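**Student:** Please find start.cif (mmCIF, C-alpha atoms) on the next line:
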data_final
loop_
_atom_site.label_atom_id
_atom_site.label_comp_id
_atom_site.auth_asym_id
_atom_site.auth_seq_id
_atom_site.Cartn_x
_atom_site.Cartn_y
_atom_site.Cartn_z
CA MET A 828 88.59 29.75 147.21
CA SER A 829 91.40 28.95 144.80
CA TRP A 830 91.42 25.68 142.91
CA HIS A 831 94.29 24.12 144.85
CA ARG A 832 92.63 24.80 148.19
CA ARG A 833 89.44 23.26 146.91
CA PHE A 834 91.37 20.27 145.57
CA ALA A 835 93.16 19.85 148.91
CA ALA A 836 89.89 19.97 150.83
CA VAL A 837 88.31 17.34 148.58
CA ALA A 838 91.40 15.14 148.87
CA LEU A 839 91.28 15.31 152.68
CA VAL A 840 87.57 14.48 152.74
CA VAL A 841 88.04 11.52 150.39
CA LEU A 842 90.99 10.20 152.41
CA ALA A 843 89.12 10.58 155.70
CA VAL A 844 85.94 8.90 154.44
CA SER A 845 87.72 5.98 152.77
CA GLY A 846 89.98 5.54 155.78
CA THR A 847 87.01 5.52 158.12
CA ILE A 848 85.20 2.88 156.06
CA LEU A 849 88.27 0.65 155.99
CA TRP A 850 89.02 1.22 159.66
CA ALA A 851 85.47 0.47 160.77
CA HIS A 852 85.54 -2.81 158.82
CA ILE A 853 88.87 -3.85 160.36
CA VAL A 854 88.00 -2.84 163.93
CA ASP A 855 84.65 -4.62 163.71
CA ARG A 856 86.35 -7.86 162.70
CA TYR A 857 89.16 -7.36 165.23
CA VAL A 858 86.72 -6.89 168.12
CA ALA A 859 84.54 -9.81 166.98
CA ALA A 860 87.58 -12.07 166.58
CA SER A 861 88.85 -11.05 170.02
CA ASP A 862 85.45 -11.85 171.49
CA ALA A 863 85.49 -15.25 169.78
CA ARG A 864 89.01 -16.12 170.90
CA ALA A 865 88.30 -15.06 174.48
CA THR A 866 85.06 -17.06 174.83
CA PHE A 867 85.21 -19.96 172.37
CA TRP A 868 86.77 -22.37 174.89
CA GLN A 869 83.69 -21.91 177.11
CA ASN A 870 81.34 -22.94 174.30
CA VAL A 871 82.96 -26.16 173.13
CA GLY A 872 82.09 -29.58 174.46
CA ILE A 873 81.38 -33.24 173.81
CA VAL A 874 77.66 -33.85 174.15
CA GLU A 875 77.14 -37.43 173.04
CA VAL A 876 79.05 -40.67 172.57
CA ARG A 877 77.67 -43.71 170.78
CA VAL A 878 79.25 -47.11 171.30
CA PRO A 879 77.38 -50.18 170.02
CA THR A 880 77.38 -53.49 171.82
CA VAL A 881 80.51 -55.54 171.14
CA THR A 882 79.38 -59.08 170.27
CA SER A 883 82.59 -60.67 169.00
CA PRO A 884 86.33 -60.06 169.40
CA ASP A 885 86.94 -59.55 165.65
CA GLN A 886 84.07 -57.09 165.17
CA GLU A 887 84.49 -53.69 163.58
CA VAL A 888 82.98 -51.22 166.03
CA PRO A 889 82.16 -47.67 164.91
CA VAL A 890 82.31 -45.19 167.77
CA GLY A 891 80.62 -41.84 167.31
CA VAL A 892 81.51 -38.70 169.25
CA ARG A 893 79.39 -35.57 168.88
CA PHE A 894 80.99 -32.20 169.48
CA TYR A 895 79.07 -29.02 170.12
CA PHE A 896 80.44 -25.61 169.13
CA GLY A 897 78.72 -22.43 170.15
CA ASN A 898 79.75 -19.09 168.70
CA PRO A 899 78.12 -16.02 170.25
CA SER A 900 80.62 -13.69 168.57
CA GLY A 901 80.00 -11.70 165.43
CA ILE A 902 82.50 -13.56 163.27
CA ALA A 903 82.47 -17.08 161.85
CA LEU A 904 84.96 -19.74 162.92
CA GLU A 905 86.34 -22.66 160.91
CA ILE A 906 86.98 -25.95 162.69
CA ILE A 907 90.16 -27.11 160.98
CA GLN A 908 91.07 -30.00 163.27
CA ILE A 909 89.71 -32.05 166.15
CA SER A 910 91.85 -34.73 167.76
CA TYR A 911 90.99 -36.88 170.75
CA ARG A 912 92.03 -39.90 172.72
CA PHE A 913 89.25 -42.36 173.57
CA TYR A 914 89.47 -44.34 176.79
CA MET A 915 87.03 -46.80 178.33
CA ASP A 916 87.05 -46.45 182.07
CA ASN A 917 87.65 -49.46 184.24
CA LEU A 918 85.71 -48.56 187.37
CA THR A 919 87.58 -51.15 189.42
CA ASP A 920 90.78 -49.16 188.84
CA SER A 921 90.53 -46.13 191.10
CA ARG A 922 93.73 -44.44 189.97
CA PRO A 923 93.44 -40.98 188.39
CA LEU A 924 93.40 -40.86 184.61
CA PRO A 925 97.04 -39.80 184.08
CA ASP A 926 98.18 -42.91 185.98
CA LYS A 927 95.87 -45.45 184.33
CA ALA A 928 95.64 -43.87 180.86
CA ASP A 929 97.97 -46.38 179.19
CA ASP A 930 95.92 -49.27 180.58
CA ILE A 931 92.50 -48.03 179.44
CA PHE A 932 93.36 -46.31 176.15
CA VAL A 933 91.28 -47.62 173.25
CA ALA A 934 92.05 -45.53 170.16
CA ALA A 935 92.67 -42.05 168.82
CA GLY A 936 90.20 -40.27 166.60
CA GLY A 937 89.40 -36.91 165.21
CA TYR A 938 88.30 -34.70 162.39
CA PHE A 939 90.93 -33.75 159.86
CA PRO A 940 89.34 -32.10 156.84
CA THR A 941 91.61 -31.52 153.85
CA THR A 942 89.16 -29.12 152.24
CA ASN A 943 86.04 -27.22 153.27
CA PRO A 944 86.33 -27.33 157.06
CA ALA A 945 83.17 -27.09 159.10
CA VAL A 946 82.16 -23.50 159.77
CA VAL A 947 80.47 -22.24 162.91
CA GLY A 948 78.61 -19.15 161.76
CA SER A 949 78.48 -15.95 163.74
CA ARG A 950 75.95 -16.08 166.57
CA SER A 951 75.13 -19.71 165.85
CA SER A 952 76.15 -23.19 166.87
CA LEU A 953 77.25 -26.41 165.23
CA ASP A 954 76.96 -30.09 166.09
CA LEU A 955 79.72 -32.15 164.54
CA TRP A 956 79.89 -35.95 164.60
CA THR A 957 83.27 -37.60 164.41
CA ASN A 958 83.77 -41.32 164.02
CA LEU A 959 86.49 -43.73 164.85
CA THR A 960 86.46 -47.45 164.08
CA VAL A 961 87.95 -50.08 166.34
CA ARG A 962 88.81 -53.18 164.30
CA GLY A 963 88.86 -56.26 166.46
CA ALA A 964 90.76 -58.28 163.86
CA THR A 965 93.78 -55.98 163.96
CA GLN A 966 93.28 -54.28 167.35
CA PRO A 967 92.43 -57.12 169.77
CA GLU A 968 93.60 -55.22 172.82
CA ALA A 969 91.57 -52.15 171.85
CA ILE A 970 88.36 -54.12 171.30
CA GLU A 971 88.86 -55.87 174.63
CA ARG A 972 89.24 -52.51 176.40
CA LEU A 973 86.28 -51.10 174.52
CA ASN A 974 84.06 -53.96 175.62
CA MET A 975 84.02 -52.90 179.24
CA THR A 976 80.61 -52.27 180.77
CA PHE A 977 79.31 -51.85 184.26
CA ASN A 978 75.57 -52.27 184.92
CA GLU A 979 75.22 -52.59 181.11
CA ASN A 980 76.63 -49.08 180.60
CA TYR A 981 79.84 -47.91 179.06
CA TYR A 982 81.98 -45.36 180.89
CA PRO A 983 83.94 -43.63 178.16
CA ILE A 984 86.54 -40.95 178.82
CA ILE A 985 87.55 -38.58 176.05
CA ASP A 986 90.30 -35.98 176.08
CA ALA A 987 90.11 -33.74 173.02
CA ASP A 988 91.54 -30.58 171.57
CA VAL A 989 90.25 -28.39 168.78
CA VAL A 990 92.07 -26.15 166.33
CA TYR A 991 90.06 -23.39 164.71
CA ARG A 992 90.64 -20.42 162.46
CA ILE A 993 88.94 -17.04 162.47
CA HIS A 994 87.04 -17.12 159.18
CA GLY A 995 88.61 -14.96 156.52
CA THR A 996 91.85 -14.45 158.43
CA THR A 997 95.13 -16.24 159.04
CA ILE A 998 94.55 -16.36 162.80
CA VAL A 999 94.58 -19.92 164.14
CA ASP A 1000 93.96 -20.81 167.76
CA ARG A 1001 93.70 -24.01 169.79
CA VAL A 1002 91.46 -25.15 172.63
CA LEU A 1003 92.95 -27.86 174.82
CA GLY A 1004 91.49 -30.07 177.48
CA ILE A 1005 87.97 -30.73 176.19
CA PHE A 1006 86.98 -33.48 178.55
CA PHE A 1007 84.12 -35.97 178.60
CA GLN A 1008 83.55 -38.36 181.47
CA PRO A 1009 79.90 -39.02 182.31
CA SER A 1010 79.40 -40.14 185.88
CA THR A 1011 76.31 -42.22 185.04
CA GLY A 1012 77.73 -43.98 182.02
CA VAL A 1013 76.45 -44.31 178.47
CA PRO A 1014 74.12 -47.13 177.39
CA PRO A 1015 75.04 -49.09 174.23
CA SER A 1016 73.71 -47.27 171.18
CA ASP A 1017 72.08 -50.26 169.45
CA MET B 818 85.83 38.48 164.65
CA ILE B 819 83.26 36.15 163.13
CA GLU B 820 85.41 35.69 160.05
CA ARG B 821 88.38 34.81 162.26
CA LEU B 822 86.27 32.31 164.19
CA ARG B 823 84.99 30.79 160.97
CA ARG B 824 88.50 30.42 159.63
CA THR B 825 89.71 28.88 162.88
CA LEU B 826 86.85 26.37 162.89
CA ALA B 827 87.49 25.51 159.25
CA ASP B 828 91.19 24.93 159.96
CA ALA B 829 90.32 22.80 163.00
CA PHE B 830 87.89 20.77 160.91
CA PHE B 831 90.50 19.96 158.32
CA ILE B 832 93.09 19.17 160.98
CA VAL B 833 90.65 16.62 162.39
CA LEU B 834 90.01 15.25 158.90
CA ALA B 835 93.74 14.83 158.34
CA ALA B 836 94.09 13.09 161.71
CA ILE B 837 91.22 10.75 160.85
CA ALA B 838 92.65 9.99 157.42
CA MET B 839 96.09 9.12 158.76
CA GLY B 840 94.97 7.36 161.95
CA THR B 841 92.40 5.14 160.23
CA PHE B 842 94.68 4.02 157.42
CA VAL B 843 97.64 3.31 159.72
CA GLY B 844 95.38 1.58 162.24
CA ALA B 845 93.88 -0.61 159.51
CA ALA B 846 97.31 -1.39 158.06
CA ASN B 847 98.45 -2.80 161.42
CA PHE B 848 95.68 -5.42 161.41
CA THR B 849 95.79 -6.88 157.93
CA ASP B 850 95.45 -10.37 159.50
CA TYR B 851 91.80 -9.63 160.07
CA GLY B 852 90.99 -9.66 156.37
CA PRO B 853 91.06 -6.08 155.11
CA LEU B 854 89.18 -4.95 152.06
CA VAL B 855 92.51 -4.07 150.47
CA ALA B 856 95.97 -5.33 151.37
CA LEU B 857 97.98 -2.57 153.02
CA ASP B 858 101.64 -2.32 153.93
CA VAL B 859 102.26 -0.40 157.15
CA GLY B 860 105.36 1.44 155.98
CA THR B 861 103.85 2.50 152.68
CA VAL B 862 100.70 3.69 154.40
CA ILE B 863 102.57 5.70 157.03
CA ILE B 864 104.71 7.45 154.45
CA GLY B 865 102.10 7.79 151.72
CA VAL B 866 99.02 8.82 153.66
CA SER B 867 100.93 11.11 156.04
CA LEU B 868 102.63 12.87 153.15
CA VAL B 869 99.46 13.26 151.08
CA ALA B 870 97.41 14.46 154.05
CA GLY B 871 100.22 16.84 154.98
CA VAL B 872 100.46 18.31 151.48
CA ALA B 873 96.68 18.69 151.35
CA LEU B 874 96.60 20.41 154.75
CA GLY B 875 99.51 22.67 153.83
CA LEU B 876 97.84 23.64 150.55
CA ARG B 877 94.85 24.83 152.52
CA MET B 878 96.83 27.28 154.63
CA PRO B 879 98.56 29.82 152.37
CA ASP B 880 97.75 32.68 154.75
CA ALA B 881 99.10 31.05 157.88
CA GLU B 882 102.40 31.75 159.56
CA PRO B 883 105.01 28.99 159.14
CA GLN B 884 105.00 28.15 162.84
CA THR B 885 101.22 27.74 162.71
CA VAL B 886 101.60 25.29 159.87
CA VAL B 887 104.01 23.17 161.90
CA LEU B 888 101.83 23.34 165.02
CA GLN B 889 98.76 22.26 163.10
CA ALA B 890 100.73 19.41 161.58
CA PHE B 891 101.73 18.28 165.07
CA ALA B 892 98.14 18.47 166.24
CA SER B 893 96.80 16.33 163.41
CA GLY B 894 99.72 13.90 163.80
CA LEU B 895 98.98 13.45 167.48
CA GLY B 896 95.31 12.96 166.67
CA ALA B 897 96.27 10.22 164.24
CA ILE B 898 98.39 8.49 166.88
CA ALA B 899 95.42 8.64 169.28
CA ILE B 900 93.26 6.88 166.67
CA VAL B 901 95.95 4.21 166.25
CA MET B 902 95.97 3.67 170.01
CA VAL B 903 92.18 3.35 170.05
CA THR B 904 92.50 0.74 167.29
CA ILE B 905 95.05 -1.31 169.22
CA PHE B 906 93.02 -1.26 172.43
CA ALA B 907 89.62 -1.63 170.72
CA PRO B 908 88.79 -5.04 172.27
CA ILE B 909 89.37 -3.65 175.76
CA LEU B 910 87.38 -0.49 175.00
CA ALA B 911 84.57 -2.64 173.59
CA GLY B 912 84.58 -4.68 176.80
CA VAL B 913 85.07 -8.10 175.17
CA VAL B 914 88.39 -8.88 176.87
CA PRO B 915 89.83 -7.68 180.18
CA SER B 916 93.33 -7.40 178.74
CA LEU B 917 95.10 -8.01 175.44
CA GLU B 918 97.24 -10.75 177.02
CA VAL B 919 94.12 -12.97 176.85
CA LEU B 920 94.53 -12.89 173.06
CA GLY B 921 98.19 -13.85 173.23
CA SER B 922 99.23 -10.34 172.24
CA SER B 923 102.55 -9.28 173.74
CA GLY B 924 103.34 -5.85 175.13
CA SER B 925 106.36 -5.59 172.85
CA ALA B 926 104.16 -6.05 169.76
CA ARG B 927 101.89 -3.21 170.89
CA ILE B 928 104.88 -0.99 171.60
CA ALA B 929 106.18 -1.75 168.12
CA PHE B 930 102.83 -0.69 166.60
CA LEU B 931 102.88 2.57 168.53
CA PHE B 932 106.54 3.23 167.74
CA THR B 933 105.96 2.89 164.01
CA ALA B 934 102.90 5.12 164.29
CA LEU B 935 105.10 7.87 165.76
CA PHE B 936 106.66 8.29 162.33
CA ILE B 937 103.38 9.85 161.21
CA VAL B 938 104.30 13.12 162.92
CA PRO B 939 107.58 14.03 161.19
CA ILE B 940 106.40 12.83 157.79
CA HIS B 941 103.17 14.76 158.16
CA VAL B 942 105.09 17.91 159.15
CA VAL B 943 107.23 17.54 156.04
CA GLY B 944 104.07 17.14 153.96
CA ASN B 945 102.57 20.25 155.51
CA VAL B 946 105.65 22.30 154.73
CA ILE B 947 105.67 21.02 151.14
CA GLY B 948 101.98 21.86 150.80
CA TYR B 949 102.51 25.30 152.33
CA ALA B 950 105.34 26.01 149.88
CA LEU B 951 103.24 24.73 146.99
CA SER B 952 100.31 26.95 147.94
CA ASP B 953 102.66 29.90 148.03
CA PHE B 954 104.02 28.94 144.60
CA LEU B 955 100.56 28.46 143.13
CA ALA B 956 99.07 31.65 144.63
CA PRO B 957 98.31 34.45 142.15
CA SER B 958 101.31 36.80 141.89
CA ARG B 959 99.32 39.97 142.76
CA PHE B 960 98.67 38.53 146.23
CA GLY B 961 102.38 38.04 146.79
CA GLY B 962 101.94 34.46 147.84
CA GLY B 963 99.73 35.39 150.80
CA ARG B 964 102.66 36.70 152.85
CA ASP B 965 103.53 40.17 153.97
CA THR B 966 105.90 41.41 151.28
CA ALA B 967 106.29 44.92 152.66
CA GLY B 968 109.91 44.15 153.49
CA ARG B 969 110.80 43.18 149.91
#
As a first step, turn the structure in this file into structure tokens.
**Tutor:**
Amino acid sequence: MSWHRRFAAVALVVLAVSGTILWAHIVDRYVAASDARATFWQNVGIVEVRVPTVTSPDQEVPVGVRFYFGNPSGIALEIIQISYRFYMDNLTDSRPLPDKADDIFVAAGGYFPTTNPAVVGSRSSLDLWTNLTVRGATQPEAIERLNMTFNENYYPIIDADVVYRIHGTTIVDRVLGIFFQPSTGVPPSD
Amino acid sequence: MIERLRRTLADAFFIVLAAIAMGTFVGAANFTDYGPLVALDVGTVIIGVSLVAGVALGLRMPDAEPQTVVLQAFASGLGAIAIVMVTIFAPILAGVVPSLEVLGSSGSARIAFLFTALFIVPIHVVGNVIGYALSDFLAPSRFGGGRDTAGR
């Protein structure tokens, strides 16, 4: 075989092998990212809310909300933003939430990291606490709405959305309508 | 007979290699958002890899008839386009999504990917012809460039 035929054969083999390695890497991440984007909304939720007893109208009340993120896909996800609206249900008001939202809204909270967002690893899960503080001195209406119990339980309602990025990519996606409304209420956390 | 079969299989093998080389690079270049090992530009990859693979394939076929060269270039080009299509529809083929609309991907974007991939074929044919001419130029003179020179 002449030298140029040999050179051409080697060039084709090198191109094919390097292309296959690159392609396999890309397709693996593409399939894993597609799996994550298709199923992530099913694996996100609010699992716990902590509201301490309100003892005075000018108290500073820290409210904790714990989010759960499950990631069964093969690629990690970065939680780059969580935002939510915190309501305290008034059980005597039987209107649906969209109608009574303005009357029971307490405060907005979230998770807005400027650097190093939380990462949900591949095939793992993450619990993330977010906090919001209701300051009675400057938010008298909010603290009054927060201090609403029935049978010594709080009945919080939370409507949240999450923005996440596929780790190592520029792909950003959003999950809307993460809802928390326990039917049996939440006891004070202290 | 056996020699002819061996040569045919060898040519088929290198056509498949050329198709794999072009299809994988172009497929990877279309999905740079997913964090490639190296940053690739789609246009550069289509032109560069198709041309190089075409020249390499053409260099390997000094004894072939010109129409065979073009046909083999078409075959490897179509193989490359098939690999690009597999890349685009990989999530569906892997069974992780029922359709690409779930990912927010539009049909027009997919058509654009496939349309740009079609340019592999003509560029690869040009590369093959260049490689075929080069192999004829580089062939030892006593072999007449591998062609029948009885008419000269």
**Student:** If the cut-off is 6 Å, can you tell me the residues of chain A near chain B, counting all atoms listed in the file? I'd like them as a VMD selection string.
**Tutor:** chain A and resid 832 835 842 to 843 846 to 847 850 858 862 995 to 997
**Student:** Take the residues from that selection and put them in a file with C-alpha atoms, as an mmCIF file, in the frame of the given file.
**Tutor:**
data_model
loop_
_atom_site.group_PDB
_atom_site.id
_atom_site.type_symbol
_atom_site.label_atom_id
_atom_site.label_comp_id
_atom_site.auth_asym_id
_atom_site.auth_seq_id
_atom_site.Cartn_x
_atom_site.Cartn_y
_atom_site.Cartn_z
ATOM 1 C CA ARG A 832 92.630 24.800 148.190
ATOM 2 C CA ALA A 835 93.160 19.850 148.910
ATOM 3 C CA LEU A 842 90.990 10.200 152.410
ATOM 4 C CA ALA A 843 89.120 10.580 155.700
ATOM 5 C CA GLY A 846 89.980 5.540 155.780
ATOM 6 C CA THR A 847 87.010 5.520 158.120
ATOM 7 C CA TRP A 850 89.020 1.220 159.660
ATOM 8 C CA VAL A 858 86.720 -6.890 168.120
ATOM 9 C CA ASP A 862 85.450 -11.850 171.490
ATOM 10 C CA GLY A 995 88.610 -14.960 156.520
ATOM 11 C CA THR A 996 91.850 -14.450 158.430
ATOM 12 C CA THR A 997 95.130 -16.240 159.040
#
**Student:** Please provide the set of residues having any atom within 8 Å of region 967-976 of chain A, restricted to all atoms listed in the file, with same-chain residues fewer than 2 positions apart removed, written as JSON, numbers by chain.
**Tutor:** {"A": [880, 881, 884, 885, 914, 915, 916, 917, 931, 932, 933, 934, 961, 962, 963, 964, 965, 978, 979, 980, 981, 982]}
**Student:** Would you mind telling me which residue in A:Asp954, A:Glu875, A:Asp1000, A:Glu905 lies nearest to Ile985 (chain A) when using all atoms listed in the file?
**Tutor:**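 Nearest to Ile985 (chain A): A:Glu875.
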**Student:** Selected by the PyMOL selection byres ((chain A and resi 938) around 10) in the shown coordinates: which residues, as a PyMOL selection string?
**Tutor:** chain A and resi 906-911+936-937+939-941+944-945+955-959+989
**Student:** Enumerate, as a list in words, the residues matched when the PyMOL selection byres ((chain B and resi 885-892) around 7) is run on the file above.
**Tutor:**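 Against this file, the PyMOL selection byres ((chain B and resi 885-892) around 7) returns the residues Ile832, Gly875, Ala881, Glu882, Pro883, Gln884, Ser893, Gly894, Leu895, Gly896, Val938, His941, Val942 and Asn945 of chain B.
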**Student:** Take the selection from the previous step and output its residues with C-alpha atoms, as a PDB file, in the coordinates of the input.
**Tutor:**
ATOM      1  CA  ILE B 832      93.090  19.170 160.980  1.00  0.00           C
ATOM      2  CA  GLY B 875      99.510  22.670 153.830  1.00  0.00           C
ATOM      3  CA  ALA B 881      99.100  31.050 157.880  1.00  0.00           C
ATOM      4  CA  GLU B 882     102.400  31.750 159.560  1.00  0.00           C
ATOM      5  CA  PRO B 883     105.010  28.990 159.140  1.00  0.00           C
ATOM      6  CA  GLN B 884     105.000  28.150 162.840  1.00  0.00           C
ATOM      7  CA  SER B 893      96.800  16.330 163.410  1.00  0.00           C
ATOM      8  CA  GLY B 894      99.720  13.900 163.800  1.00  0.00           C
ATOM      9  CA  LEU B 895      98.980  13.450 167.480  1.00  0.00           C
ATOM     10  CA  GLY B 896      95.310  12.960 166.670  1.00  0.00           C
ATOM     11  CA  VAL B 938     104.300  13.120 162.920  1.00  0.00           C
ATOM     12  CA  HIS B 941     103.170  14.760 158.160  1.00  0.00           C
ATOM     13  CA  VAL B 942     105.090  17.910 159.150  1.00  0.00           C
ATOM     14  CA  ASN B 945     102.570  20.250 155.510  1.00  0.00           C
TER      15      ASN B 945
END
**Student:** Around all the atoms of region 957-973 of chain A listed in the file, with 4 Å of room on each side, what axis-aligned box do you get, giving centre and edge lengths in Å to one decimal, as AutoDock Vina command-line options?
**Tutor:**
--center_x 88.5 --center_y -47.9 --center_z 170.1 --size_x 18.5 --size_y 28.7 --size_z 20.5
**Student:** Hey, which of B:Glu820, B:Asp880, B:Phe936, B:Ala899 ends up closest to Tyr949 (chain B)? Count all atoms listed in the file.
**Tutor:**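 Once distances to Tyr949 (chain B) are computed over all atoms listed in the file, the minimum belongs to B:Asp880.
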**Student:** Name all residues at most 9 Å from Thr960 (chain A) (count only C-alpha atoms; drop same-chain ones fewer than 3 positions away) and give them as a count of residues only.
**Tutor:** 7
**Student:** Give the answer as one residue: which of B:Val946, B:Asp953, B:Arg927, B:Ile940 has the shortest atom-to-atom distance to Ser867 (chain B), using only C-alpha atoms?
**Tutor:**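 Result for the nearest residue to Ser867 (chain B): B:Ile940.
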**Student:** Report, in Å to a single decimal, how far apart CA of Ser949 (chain A) and CA of Gly872 (chain A) are.
**Tutor:**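 It comes out at 17.7 Å.
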**Student:** Would you mind putting back N, CA and C atoms on region 884-900 of chain B, then writing it out as a tab-separated table (two decimals), in the frame of the given file?
**Tutor:**
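Okay, out_12.tsv is ready:
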chain	number	residue	atom	x	y	z
B	884	GLN	N	105.04	28.90	161.59
B	884	GLN	CA	105.00	28.15	162.84
B	884	GLN	C	103.60	27.57	163.07
B	885	THR	N	102.59	28.27	162.58
B	885	THR	CA	101.22	27.74	162.71
B	885	THR	C	101.06	26.48	161.88
B	886	VAL	N	101.66	26.47	160.73
B	886	VAL	CA	101.60	25.29	159.87
B	886	VAL	C	102.18	24.08	160.59
B	887	VAL	N	103.35	24.28	161.21
B	887	VAL	CA	104.01	23.17	161.90
B	887	VAL	C	103.18	22.73	163.10
B	888	LEU	N	102.64	23.69	163.84
B	888	LEU	CA	101.83	23.34	165.02
B	888	LEU	C	100.59	22.56	164.61
B	889	GLN	N	99.95	22.98	163.55
B	889	GLN	CA	98.76	22.26	163.10
B	889	GLN	C	99.12	20.86	162.61
B	890	ALA	N	100.29	20.74	162.00
B	890	ALA	CA	100.73	19.41	161.58
B	890	ALA	C	100.95	18.51	162.79
B	891	PHE	N	101.55	19.06	163.84
B	891	PHE	CA	101.73	18.28	165.07
B	891	PHE	C	100.40	17.85	165.64
B	892	ALA	N	99.45	18.78	165.65
B	892	ALA	CA	98.14	18.47	166.24
B	892	ALA	C	97.46	17.34	165.48
B	893	SER	N	97.47	17.39	164.16
B	893	SER	CA	96.80	16.33	163.41
B	893	SER	C	97.58	15.02	163.53
B	894	GLY	N	98.92	15.10	163.61
B	894	GLY	CA	99.72	13.90	163.80
B	894	GLY	C	99.41	13.23	165.13
B	895	LEU	N	99.30	14.02	166.17
B	895	LEU	CA	98.98	13.45	167.48
B	895	LEU	C	97.57	12.87	167.49
B	896	GLY	N	96.66	13.52	166.79
B	896	GLY	CA	95.31	12.96	166.67
B	896	GLY	C	95.33	11.61	165.97
B	897	ALA	N	96.16	11.50	164.95
B	897	ALA	CA	96.27	10.22	164.24
B	897	ALA	C	96.82	9.14	165.15
B	898	ILE	N	97.82	9.48	165.96
B	898	ILE	CA	98.39	8.49	166.88
B	898	ILE	C	97.34	8.07	167.91
B	899	ALA	N	96.51	9.00	168.35
B	899	ALA	CA	95.42	8.64	169.28
B	899	ALA	C	94.46	7.64	168.64
B	900	ILE	N	94.16	7.84	167.37
B	900	ILE	CA	93.26	6.88	166.67
B	900	ILE	C	93.93	5.52	166.56
